[in-house]
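Coordinates from protein21.txt are shown below (compact mmCIF, C-alpha atoms).
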```txt
# COMPACT_ATOMS: atom_id res chain seq x y z
CA MET A 1 150.73 108.17 55.08
CA THR A 2 152.56 109.88 52.27
CA PRO A 3 156.36 109.95 52.23
CA ALA A 4 156.38 113.71 52.96
CA ILE A 5 154.37 113.21 56.14
CA ASN A 6 156.63 110.34 57.20
CA VAL A 7 159.72 112.52 56.75
CA GLY A 8 158.10 115.40 58.65
CA MET A 9 157.16 113.09 61.50
CA ASN A 10 160.63 111.51 61.65
CA MET A 11 162.39 114.89 61.58
CA GLY A 12 160.19 116.27 64.38
CA TYR A 13 158.52 118.87 62.16
CA MET A 14 155.04 117.37 62.53
CA ARG A 15 152.90 115.69 65.17
CA TYR A 16 149.40 114.30 65.19
CA ARG A 17 146.50 113.88 67.55
CA GLU A 18 143.84 111.28 67.15
CA ARG A 19 140.26 112.31 67.90
CA ASN A 20 137.28 110.07 67.28
CA GLY A 21 139.42 107.78 65.19
CA VAL A 22 140.64 110.60 62.88
CA ARG A 23 144.26 111.74 62.82
CA HIS A 24 144.78 115.51 62.84
CA PHE A 25 148.31 116.53 61.78
CA TYR A 26 149.95 119.80 62.81
CA LEU A 27 153.36 121.44 62.55
CA THR A 28 155.66 121.84 65.54
CA GLU A 29 157.65 125.03 66.18
CA ALA A 30 160.60 123.39 64.40
CA GLY A 31 158.37 122.75 61.39
CA TYR A 32 157.21 126.35 61.25
CA SER A 33 160.77 127.66 61.52
CA LYS A 34 161.93 125.24 58.81
CA ILE A 35 159.41 126.62 56.29
CA GLY A 36 160.07 130.19 57.45
CA ILE A 37 156.70 131.35 58.74
CA PRO A 38 155.62 132.26 62.28
CA PRO A 39 153.56 129.66 64.16
CA PHE A 40 149.79 130.07 64.07
CA SER A 41 148.48 132.07 67.00
CA PRO A 42 144.73 132.19 67.64
CA TRP A 43 145.20 135.30 69.79
CA ALA A 44 146.96 137.16 66.99
CA SER A 45 144.10 136.27 64.63
CA ILE A 46 141.49 137.47 67.13
CA ARG A 47 143.46 140.67 67.71
CA LEU A 48 143.60 141.40 63.95
CA TRP A 49 139.87 140.71 63.62
CA ILE A 50 139.04 143.13 66.47
CA LYS A 51 141.32 145.79 64.98
CA SER A 52 139.54 145.46 61.64
CA LEU A 53 136.21 146.07 63.39
CA VAL A 54 137.44 149.10 65.31
CA ARG A 55 139.57 150.70 62.60
CA PRO A 56 137.72 153.38 60.61
CA LYS A 57 137.05 152.47 56.99
CA THR A 58 139.00 154.53 54.45
CA ARG A 59 137.53 155.67 51.16
CA ARG A 60 139.34 155.15 47.92
```

structure tokens encoding of this file:
Amino acid sequence: MTPAINVGMNMGYMRYRERNGVRHFYLTEAGYSKIGIPPFSPWASIRLWIKSLVRPKTRR
């Protein structure tokens, strides 16, 4: 692992899950708040996608 990942893991900003022998790293809520962005939400993404389908297209 790179030093940045080690620091993130030690500070509690990152976690990982191992699936089929592959490690998948992800940020914790503390990690998201540290870099100043909201945590990823699949429901928010789906909601935005549905709104883009329903919203009438505007002409330029």

Discussion item. Which residues are near segment 41-43 of chain A? Cut-off 12 Å, all atoms listed in the file, ignore same chain within fewer than 5 positions. Put them as a VMD selection string.
Written reply: chain A and resid 29 32 48 to 50

Practice prompt. Tell me, as a VMD selection string, which residues lie within 12 Å of Ile37 of chain A, counting all atoms listed in the file; anything in the same chain fewer than 6 positions away does not count.
Written response: chain A and resid 27 to 31

Practice prompt. Go ahead and compute the interatomic distance for atom CA of Arg15 of chain A and atom CA of Gly36 of chain A, in Å to one decimal.
Written response: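 Atom CA of Gly36 of chain A lies at a distance of 17.9 Å from atom CA of Arg15 of chain A.
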
Leaving out His24 of chain A and any residue of its chain fewer than 4 positions from it, which residues lie within 12 Å of it when counting only C-alpha atoms, given as a short mmCIF file (atom, residue, chain, number, x, y, z; two decimals) with C-alpha atoms, keeping the file's coordinate frame?
```cif
data_model
loop_
_atom_site.label_atom_id
_atom_site.label_comp_id
_atom_site.auth_asym_id
_atom_site.auth_seq_id
_atom_site.Cartn_x
_atom_site.Cartn_y
_atom_site.Cartn_z
CA ILE A 5 154.37 113.21 56.14
CA MET A 14 155.04 117.37 62.53
CA ARG A 15 152.90 115.69 65.17
CA TYR A 16 149.40 114.30 65.19
CA ARG A 17 146.50 113.88 67.55
CA GLU A 18 143.84 111.28 67.15
CA ARG A 19 140.26 112.31 67.90
CA ASN A 20 137.28 110.07 67.28
#
```

Worksheet item: With distances taken over all atoms listed in the file, which of A:Arg55, A:Gly21, A:Pro3, A:Gly12 is nearest to Ser33 of chain A?
Response: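 Result for the nearest residue to Ser33 of chain A: A:Gly12.
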
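Between atom CA of Arg47 of chain A and atom CA of Ile35 of chain A the separation is 24.1 Å.
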